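*Asks:* One file is attached below, data-v4.pdb, containing PDB, C-alpha atoms.
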```
ATOM      1  CA  MET N   1      11.050  11.462  39.090
ATOM      2  CA  SER N   2       8.680  14.350  39.722
ATOM      3  CA  HIS N   3       9.409  17.772  38.241
ATOM      4  CA  VAL N   4       9.717  19.251  41.756
ATOM      5  CA  VAL N   5      12.273  16.651  42.865
ATOM      6  CA  GLN N   6      14.166  17.004  39.572
ATOM      7  CA  SER N   7      14.345  20.794  39.963
ATOM      8  CA  LEU N   8      15.750  20.393  43.480
ATOM      9  CA  LEU N   9      18.534  18.192  42.122
ATOM     10  CA  THR N  10      19.386  20.536  39.258
ATOM     11  CA  PRO N  11      21.762  23.376  40.065
ATOM     12  CA  HIS N  12      20.602  26.843  39.156
ATOM     13  CA  PRO N  13      22.144  28.579  36.177
ATOM     14  CA  ASP N  14      25.314  30.522  36.839
ATOM     15  CA  THR N  15      24.435  34.100  37.826
ATOM     16  CA  TRP N  16      26.783  35.480  35.142
ATOM     17  CA  VAL N  17      24.906  33.549  32.460
ATOM     18  CA  SER N  18      21.506  34.545  33.841
ATOM     19  CA  ARG N  19      22.568  38.189  33.952
ATOM     20  CA  PHE N  20      23.477  38.334  30.256
ATOM     21  CA  ALA N  21      21.055  35.780  28.773
ATOM     22  CA  PRO N  22      18.514  38.539  27.973
ATOM     23  CA  LEU N  23      21.013  40.002  25.465
ATOM     24  CA  VAL N  24      20.360  37.056  23.140
ATOM     25  CA  TYR N  25      17.658  38.147  20.724
ATOM     26  CA  ALA N  26      14.318  36.348  20.889
ATOM     27  CA  GLY N  27      14.501  32.951  19.242
ATOM     28  CA  GLY N  28      18.264  33.217  18.683
ATOM     29  CA  SER N  29      20.184  29.953  18.479
ATOM     30  CA  VAL N  30      22.395  29.035  21.433
ATOM     31  CA  LEU N  31      25.402  26.746  21.745
ATOM     32  CA  ASP N  32      25.908  25.423  25.274
ATOM     33  CA  LEU N  33      29.443  24.023  25.126
ATOM     34  CA  ALA N  34      30.462  21.531  27.822
ATOM     35  CA  CYS N  35      26.822  21.568  28.889
ATOM     36  CA  GLY N  36      27.210  19.144  31.807
ATOM     37  CA  ASN N  37      23.811  18.544  33.365
ATOM     38  CA  GLY N  38      22.149  21.177  31.196
ATOM     39  CA  ARG N  39      21.506  23.986  33.659
ATOM     40  CA  HIS N  40      22.145  26.625  30.975
ATOM     41  CA  THR N  41      20.475  24.576  28.270
ATOM     42  CA  ARG N  42      17.328  24.610  30.421
ATOM     43  CA  LEU N  43      17.580  28.368  30.955
ATOM     44  CA  PHE N  44      17.653  29.066  27.218
ATOM     45  CA  LEU N  45      15.055  26.426  26.299
ATOM     46  CA  GLU N  46      12.668  27.980  28.823
ATOM     47  CA  ALA N  47      13.242  31.325  27.076
ATOM     48  CA  GLU N  48      12.275  29.587  23.787
ATOM     49  CA  HIS N  49      15.729  29.575  22.203
ATOM     50  CA  PRO N  50      16.790  26.615  20.089
ATOM     51  CA  VAL N  51      19.815  25.093  21.831
ATOM     52  CA  VAL N  52      22.639  22.870  20.667
ATOM     53  CA  ALA N  53      24.120  21.270  23.794
ATOM     54  CA  VAL N  54      27.537  19.626  23.434
ATOM     55  CA  ASP N  55      29.425  17.523  25.948
ATOM     56  CA  ARG N  56      31.683  14.475  25.901
ATOM     57  CA  SER N  57      28.928  12.665  27.781
ATOM     58  CA  ILE N  58      25.281  13.594  27.495
ATOM     59  CA  ALA N  59      24.081  11.014  30.031
ATOM     60  CA  ALA N  60      23.179  13.788  32.492
ATOM     61  CA  MET N  61      20.873  15.275  29.849
ATOM     62  CA  ASP N  62      18.435  12.333  29.733
ATOM     63  CA  SER N  63      15.602  14.380  31.219
ATOM     64  CA  LEU N  64      15.899  16.918  28.393
ATOM     65  CA  LYS N  65      16.281  14.587  25.399
ATOM     66  CA  LYS N  66      12.724  15.073  24.158
ATOM     67  CA  ARG N  67      12.541  18.839  24.649
ATOM     68  CA  LYS N  68      11.473  20.775  21.585
ATOM     69  CA  GLY N  69      14.250  22.964  20.221
ATOM     70  CA  LEU N  70      17.095  20.901  21.675
ATOM     71  CA  GLU N  71      19.851  19.196  19.724
ATOM     72  CA  LEU N  72      22.177  17.081  21.873
ATOM     73  CA  ILE N  73      25.628  16.248  20.571
ATOM     74  CA  GLU N  74      27.930  13.848  22.361
ATOM     75  CA  ALA N  75      31.467  14.662  21.236
ATOM     76  CA  ASP N  76      34.965  14.762  22.658
ATOM     77  CA  VAL N  77      35.946  18.171  21.289
ATOM     78  CA  GLU N  78      39.447  17.896  22.739
ATOM     79  CA  ASN N  79      40.388  14.674  20.952
ATOM     80  CA  GLY N  80      38.107  14.613  17.948
ATOM     81  CA  PRO N  81      36.975  16.926  15.181
ATOM     82  CA  TRP N  82      34.857  19.997  15.925
ATOM     83  CA  PRO N  83      31.331  18.573  15.536
ATOM     84  CA  LEU N  84      29.809  21.884  14.475
ATOM     85  CA  ALA N  85      31.994  22.785  11.495
ATOM     86  CA  GLY N  86      30.226  25.288   9.272
ATOM     87  CA  ARG N  87      27.568  26.116  11.862
ATOM     88  CA  SER N  88      27.141  29.410  13.670
ATOM     89  CA  PHE N  89      25.103  30.637  16.623
ATOM     90  CA  ASP N  90      23.476  33.752  18.025
ATOM     91  CA  ALA N  91      24.901  32.971  21.450
ATOM     92  CA  ILE N  92      27.627  30.753  22.832
ATOM     93  CA  VAL N  93      27.750  29.852  26.510
ATOM     94  CA  VAL N  94      30.776  28.255  28.159
ATOM     95  CA  VAL N  95      31.009  27.753  31.922
ATOM     96  CA  ASN N  96      33.758  25.983  33.877
ATOM     97  CA  TYR N  97      35.495  24.708  30.766
ATOM     98  CA  LEU N  98      38.657  25.643  28.907
ATOM     99  CA  HIS N  99      40.247  24.086  25.849
ATOM    100  CA  ARG N 100      42.380  26.803  24.283
ATOM    101  CA  PRO N 101      42.361  25.441  20.701
ATOM    102  CA  LEU N 102      38.581  26.029  20.652
ATOM    103  CA  LEU N 103      38.741  29.745  21.472
ATOM    104  CA  PRO N 104      39.240  30.933  17.857
ATOM    105  CA  ILE N 105      36.652  28.406  16.658
ATOM    106  CA  LEU N 106      34.118  29.827  19.112
ATOM    107  CA  SER N 107      34.760  33.357  17.883
ATOM    108  CA  GLN N 108      34.279  32.216  14.261
ATOM    109  CA  SER N 109      31.111  30.314  15.221
ATOM    110  CA  LEU N 110      29.398  33.425  16.582
ATOM    111  CA  ASN N 111      26.969  35.183  14.238
ATOM    112  CA  SER N 112      27.194  38.932  13.723
ATOM    113  CA  GLY N 113      25.388  40.480  16.683
ATOM    114  CA  GLY N 114      25.862  37.228  18.615
ATOM    115  CA  VAL N 115      26.612  37.098  22.327
ATOM    116  CA  LEU N 116      29.456  35.199  23.975
ATOM    117  CA  ILE N 117      28.972  34.418  27.665
ATOM    118  CA  TYR N 118      32.057  32.797  29.148
ATOM    119  CA  ARG N 119      33.015  32.015  32.732
ATOM    120  CA  THR N 120      35.774  29.735  33.917
ATOM    121  CA  PHE N 121      38.642  29.382  36.334
ATOM    122  CA  GLY N 122      41.827  31.417  36.350
ATOM    123  CA  VAL N 123      45.385  31.085  37.538
ATOM    124  CA  GLY N 124      45.360  31.122  41.328
ATOM    125  CA  ASN N 125      42.410  28.744  41.596
ATOM    126  CA  GLU N 126      44.822  25.973  42.588
ATOM    127  CA  LYS N 127      44.698  27.316  46.162
ATOM    128  CA  TYR N 128      41.017  26.313  46.266
ATOM    129  CA  GLY N 129      41.457  22.861  44.742
ATOM    130  CA  LYS N 130      40.439  21.768  41.271
ATOM    131  CA  PRO N 131      40.985  22.698  38.626
ATOM    132  CA  SER N 132      44.614  23.296  39.481
ATOM    133  CA  ASN N 133      46.312  22.232  36.250
ATOM    134  CA  PRO N 134      47.519  25.367  34.377
ATOM    135  CA  ASP N 135      46.139  23.848  31.150
ATOM    136  CA  PHE N 136      42.662  24.457  32.577
ATOM    137  CA  LEU N 137      43.260  27.876  34.154
ATOM    138  CA  LEU N 138      43.042  31.146  32.283
ATOM    139  CA  ARG N 139      46.022  33.464  32.450
ATOM    140  CA  PRO N 140      45.306  37.085  33.463
ATOM    141  CA  ASN N 141      43.154  38.783  30.807
ATOM    142  CA  GLU N 142      43.309  35.701  28.569
ATOM    143  CA  LEU N 143      39.622  35.911  27.640
ATOM    144  CA  LEU N 144      40.071  39.551  26.597
ATOM    145  CA  GLU N 145      43.023  38.591  24.421
ATOM    146  CA  ALA N 146      41.377  35.499  22.921
ATOM    147  CA  PHE N 147      38.241  37.408  21.958
ATOM    148  CA  ALA N 148      39.832  40.765  21.114
ATOM    149  CA  GLY N 149      37.670  41.010  17.978
ATOM    150  CA  LEU N 150      34.479  41.126  20.049
ATOM    151  CA  GLU N 151      32.952  44.134  21.777
ATOM    152  CA  VAL N 152      33.234  43.558  25.516
ATOM    153  CA  ILE N 153      30.017  44.244  27.396
ATOM    154  CA  ALA N 154      31.359  43.139  30.788
ATOM    155  CA  PHE N 155      34.533  41.551  32.108
ATOM    156  CA  GLU N 156      35.480  40.487  35.620
ATOM    157  CA  SER N 157      38.531  38.694  36.865
ATOM    158  CA  GLY N 158      39.600  37.806  40.366
ATOM    159  CA  ASP N 159      39.263  35.858  43.553
ATOM    160  CA  THR N 160      35.680  35.331  44.708
ATOM    161  CA  GLY N 161      36.716  33.814  48.028
ATOM    162  CA  THR N 162      35.855  30.320  46.796
ATOM    163  CA  ALA N 163      37.502  30.343  43.357
ATOM    164  CA  VAL N 164      39.582  32.450  40.995
ATOM    165  CA  VAL N 165      37.558  33.173  37.875
ATOM    166  CA  GLN N 166      37.351  35.182  34.699
ATOM    167  CA  ARG N 167      33.971  36.162  33.313
ATOM    168  CA  MET N 168      33.212  37.853  30.060
ATOM    169  CA  CYS N 169      30.183  38.838  28.046
ATOM    170  CA  ALA N 170      30.944  40.129  24.564
ATOM    171  CA  VAL N 171      29.137  40.757  21.294
ATOM    172  CA  LYS N 172      30.362  40.165  17.767
ATOM    173  CA  ARG N 173      30.049  43.383  15.800
ATOM    174  CA  ALA N 174      29.112  43.437  12.134
ATOM    175  CA  SER N 175      32.596  44.741  11.349
ATOM    176  CA  GLU N 176      35.448  42.307  11.831
ATOM    177  CA  GLU N 177      37.753  45.101  12.989
ATOM    178  CA  PRO N 178      39.080  44.415  16.478
ATOM    179  CA  LEU N 179      38.024  46.859  19.148
ATOM    180  CA  PRO N 180      40.539  48.350  21.550
ATOM    181  CA  LEU N 181      40.637  46.534  24.875
ATOM    182  CA  PRO N 182      39.069  48.419  27.800
ATOM    183  CA  VAL N 183      41.602  49.933  30.162
TER     184      VAL N 183
END
```
In structure tokens, write the structure found in this file.
*Replies:*
Amino acid sequence: MSHVVQSLLTPHPDTWVSRFAPLVYAGGSVLDLACGNGRHTRLFLEAEHPVVAVDRSIAAMDSLKKRKGLELIEADVENGPWPLAGRSFDAIVVVNYLHRPLLPILSQSLNSGGVLIYRTFGVGNEKYGKPSNPDFLLRPNELLEAFAGLEVIAFESGDTGTAVVQRMCAVKRASEEPLPLPV
């Protein structure tokens, strides 16, 4: 498949991720959790970041398998062990995915000065379709609560007209002291 045709079939990176990607220092390592077809993996690889892309199926990542700086990990993180135990990253990106037991693991896996970019669906999204299961929908301010130890750079929550979402960009400070939540 030609590069032009492939790029037409590949969705663009989420605008929230693109907006905050420049906060990741040059050459910083990135974890793309629940990477799907790799739209955010591509974004960071093109910016010359080493990327670890994790998903329960990496079949959609075939076109990227030989890219320099990419480590693909096929793992069911909901039913198996965390495949990245002992590893940490300069950025963690999660889009359209929620598995609550991983939230503290993600915080621990972020290096000091590291950037968390998270965007997923919230309660109320059921009126738009899937996901509609409360297990996969964030409660109000849940990202703020889950990552209270990080310094929030930006947070948005609400109805976009096509989905109900929460979005957060936060940085892990050198100090482990939690910061007060923004009012």
*Asks:* Care to translate the PyMOL selection byres ((chain N and resi 25) around 9) into actual residues of this file, as a list in words?
*Replies:* Pro22, Leu23, Val24, Ala26, Gly27, Gly28, Ser29, His49, Asp90, Ala91 and Gly114 of chain N
*Asks:* List the residues selected by the PyMOL selection byres ((chain N and resi 121) around 8) in the file shown, writing them as a ChimeraX atom specification.
*Replies:* /N:96-97,119-120,122-123,125,131,136-138,163-166
*Asks:* Could you turn the residues from that selection into a file that holds C-alpha atoms, as a compact mmCIF listing (two decimals), in the frame of the given file?
*Replies:*
```txt
# COMPACT_ATOMS: atom_id res chain seq x y z
CA ASN N 96 33.76 25.98 33.88
CA TYR N 97 35.49 24.71 30.77
CA ARG N 119 33.02 32.02 32.73
CA THR N 120 35.77 29.74 33.92
CA GLY N 122 41.83 31.42 36.35
CA VAL N 123 45.38 31.08 37.54
CA ASN N 125 42.41 28.74 41.60
CA PRO N 131 40.98 22.70 38.63
CA PHE N 136 42.66 24.46 32.58
CA LEU N 137 43.26 27.88 34.15
CA LEU N 138 43.04 31.15 32.28
CA ALA N 163 37.50 30.34 43.36
CA VAL N 164 39.58 32.45 41.00
CA VAL N 165 37.56 33.17 37.88
CA GLN N 166 37.35 35.18 34.70
```
*Asks:* Please compute the CA of Glu145 in chain N-CA of Cys35 in chain N distance, one decimal, in Å.
*Replies:*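 These two atoms are separated by 23.9 Å.
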*Asks:* Write out as a tab-separated table (two decimals) with C-alpha atoms, keeping the file's coordinate frame each polymer residue whose atoms come within 10 Å of range 70-73 of chain N, counting all atoms listed in the file; drop sequence neighbours fewer than 5 positions from it.
*Replies:*
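Below you can see around09.tsv, which holds the result:
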```
chain	number	residue	atom	x	y	z
N	30	VAL	CA	22.40	29.04	21.43
N	31	LEU	CA	25.40	26.75	21.74
N	32	ASP	CA	25.91	25.42	25.27
N	33	LEU	CA	29.44	24.02	25.13
N	35	CYS	CA	26.82	21.57	28.89
N	41	THR	CA	20.48	24.58	28.27
N	42	ARG	CA	17.33	24.61	30.42
N	44	PHE	CA	17.65	29.07	27.22
N	45	LEU	CA	15.06	26.43	26.30
N	49	HIS	CA	15.73	29.58	22.20
N	50	PRO	CA	16.79	26.62	20.09
N	51	VAL	CA	19.82	25.09	21.83
N	52	VAL	CA	22.64	22.87	20.67
N	53	ALA	CA	24.12	21.27	23.79
N	54	VAL	CA	27.54	19.63	23.43
N	55	ASP	CA	29.42	17.52	25.95
N	56	ARG	CA	31.68	14.48	25.90
N	57	SER	CA	28.93	12.66	27.78
N	58	ILE	CA	25.28	13.59	27.50
N	61	MET	CA	20.87	15.28	29.85
N	62	ASP	CA	18.43	12.33	29.73
N	64	LEU	CA	15.90	16.92	28.39
N	65	LYS	CA	16.28	14.59	25.40
N	83	PRO	CA	31.33	18.57	15.54
N	84	LEU	CA	29.81	21.88	14.48
```
*Asks:* To verify the selection step, state as a PyMOL selection string which residues the PyMOL selection byres ((chain N and resi 39) around 8) yields on this input.
*Replies:* chain N and resi 10-13+35-38+40-43
*Asks:* Deliver the residues from the most recent selection as a file, using C-alpha atoms, as a PDB file, keeping the file's coordinate frame.
*Replies:*
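See result37.pdb below for the written result:
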```pdb
ATOM      1  CA  THR N  10      19.386  20.536  39.258  1.00  0.00           C
ATOM      2  CA  PRO N  11      21.762  23.376  40.065  1.00  0.00           C
ATOM      3  CA  HIS N  12      20.602  26.843  39.156  1.00  0.00           C
ATOM      4  CA  PRO N  13      22.144  28.579  36.177  1.00  0.00           C
ATOM      5  CA  CYS N  35      26.822  21.568  28.889  1.00  0.00           C
ATOM      6  CA  GLY N  36      27.210  19.144  31.807  1.00  0.00           C
ATOM      7  CA  ASN N  37      23.811  18.544  33.365  1.00  0.00           C
ATOM      8  CA  GLY N  38      22.149  21.177  31.196  1.00  0.00           C
ATOM      9  CA  HIS N  40      22.145  26.625  30.975  1.00  0.00           C
ATOM     10  CA  THR N  41      20.475  24.576  28.270  1.00  0.00           C
ATOM     11  CA  ARG N  42      17.328  24.610  30.421  1.00  0.00           C
ATOM     12  CA  LEU N  43      17.580  28.368  30.955  1.00  0.00           C
TER      13      LEU N  43
END
```
*Asks:* Between N:Pro140, N:Ala60, N:Gly69, N:Asn111, which is the closest to Ala47 in chain N once you count all atoms listed in the file?
*Replies:*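 Once distances to Ala47 in chain N are computed over all atoms listed in the file, the minimum belongs to N:Gly69.
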*Asks:* CA of Ser109 in chain N to CA of Pro134 in chain N: how many Å, to one decimal?
*Replies:*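 Answer for the CA of Ser109 in chain N to CA of Pro134 in chain N separation: 25.7 Å.
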*Asks:* Out of N:Ser112, N:Thr160, N:Ser107, N:Ser132, which residue has the shortest atom-to-atom distance to Leu144 in chain N when counting all atoms listed in the file?
*Replies:* N:Ser107
*Asks:* I'd like the box whose edges run along x, y and z of the file and which contains every listed atom of range 81-90 of chain N, padded by 3 Å per side; could you state its centre and edge lengths in Å, one decimal, as lines of an AutoDock Vina configuration file?
*Replies:*
```
center_x = 30.2
center_y = 25.3
center_z = 13.6
size_x = 19.5
size_y = 22.8
size_z = 14.8
```
*Asks:* With only C-alpha atoms as the atoms that count, which of N:Arg87, N:Lys172, N:Lys127, N:Arg167 lies nearest to Arg19 in chain N?
*Replies:*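 Smallest distance to Arg19 in chain N is found for N:Arg167.
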*Asks:* Using all atoms listed in the file, which of N:Leu102, N:Ile117, N:Ala146, N:Ala174 sits nearest Gly80 in chain N?
*Replies:*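 Under the stated criterion, the closest residue is N:Leu102.
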*Asks:* CA of Ala170 in chain N and CA of Val115 in chain N, how far apart in Å?
*Replies:* 5.7 Å
*Asks:* Between N:Glu46, N:Ala21, N:Ala148, N:Glu156, which one has atoms that come closest to Lys68 in chain N, using only C-alpha atoms?
*Replies:*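 For Lys68 in chain N, the nearest of the candidates is N:Glu46.
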*Asks:* Got a sec to check which residues sit within 9 Å of (28.6, 41.8, 27.6), counting only C-alpha atoms, and write them as a PyMOL selection string?
*Replies:* chain N and resi 20+23+115-117+151-155+168-171
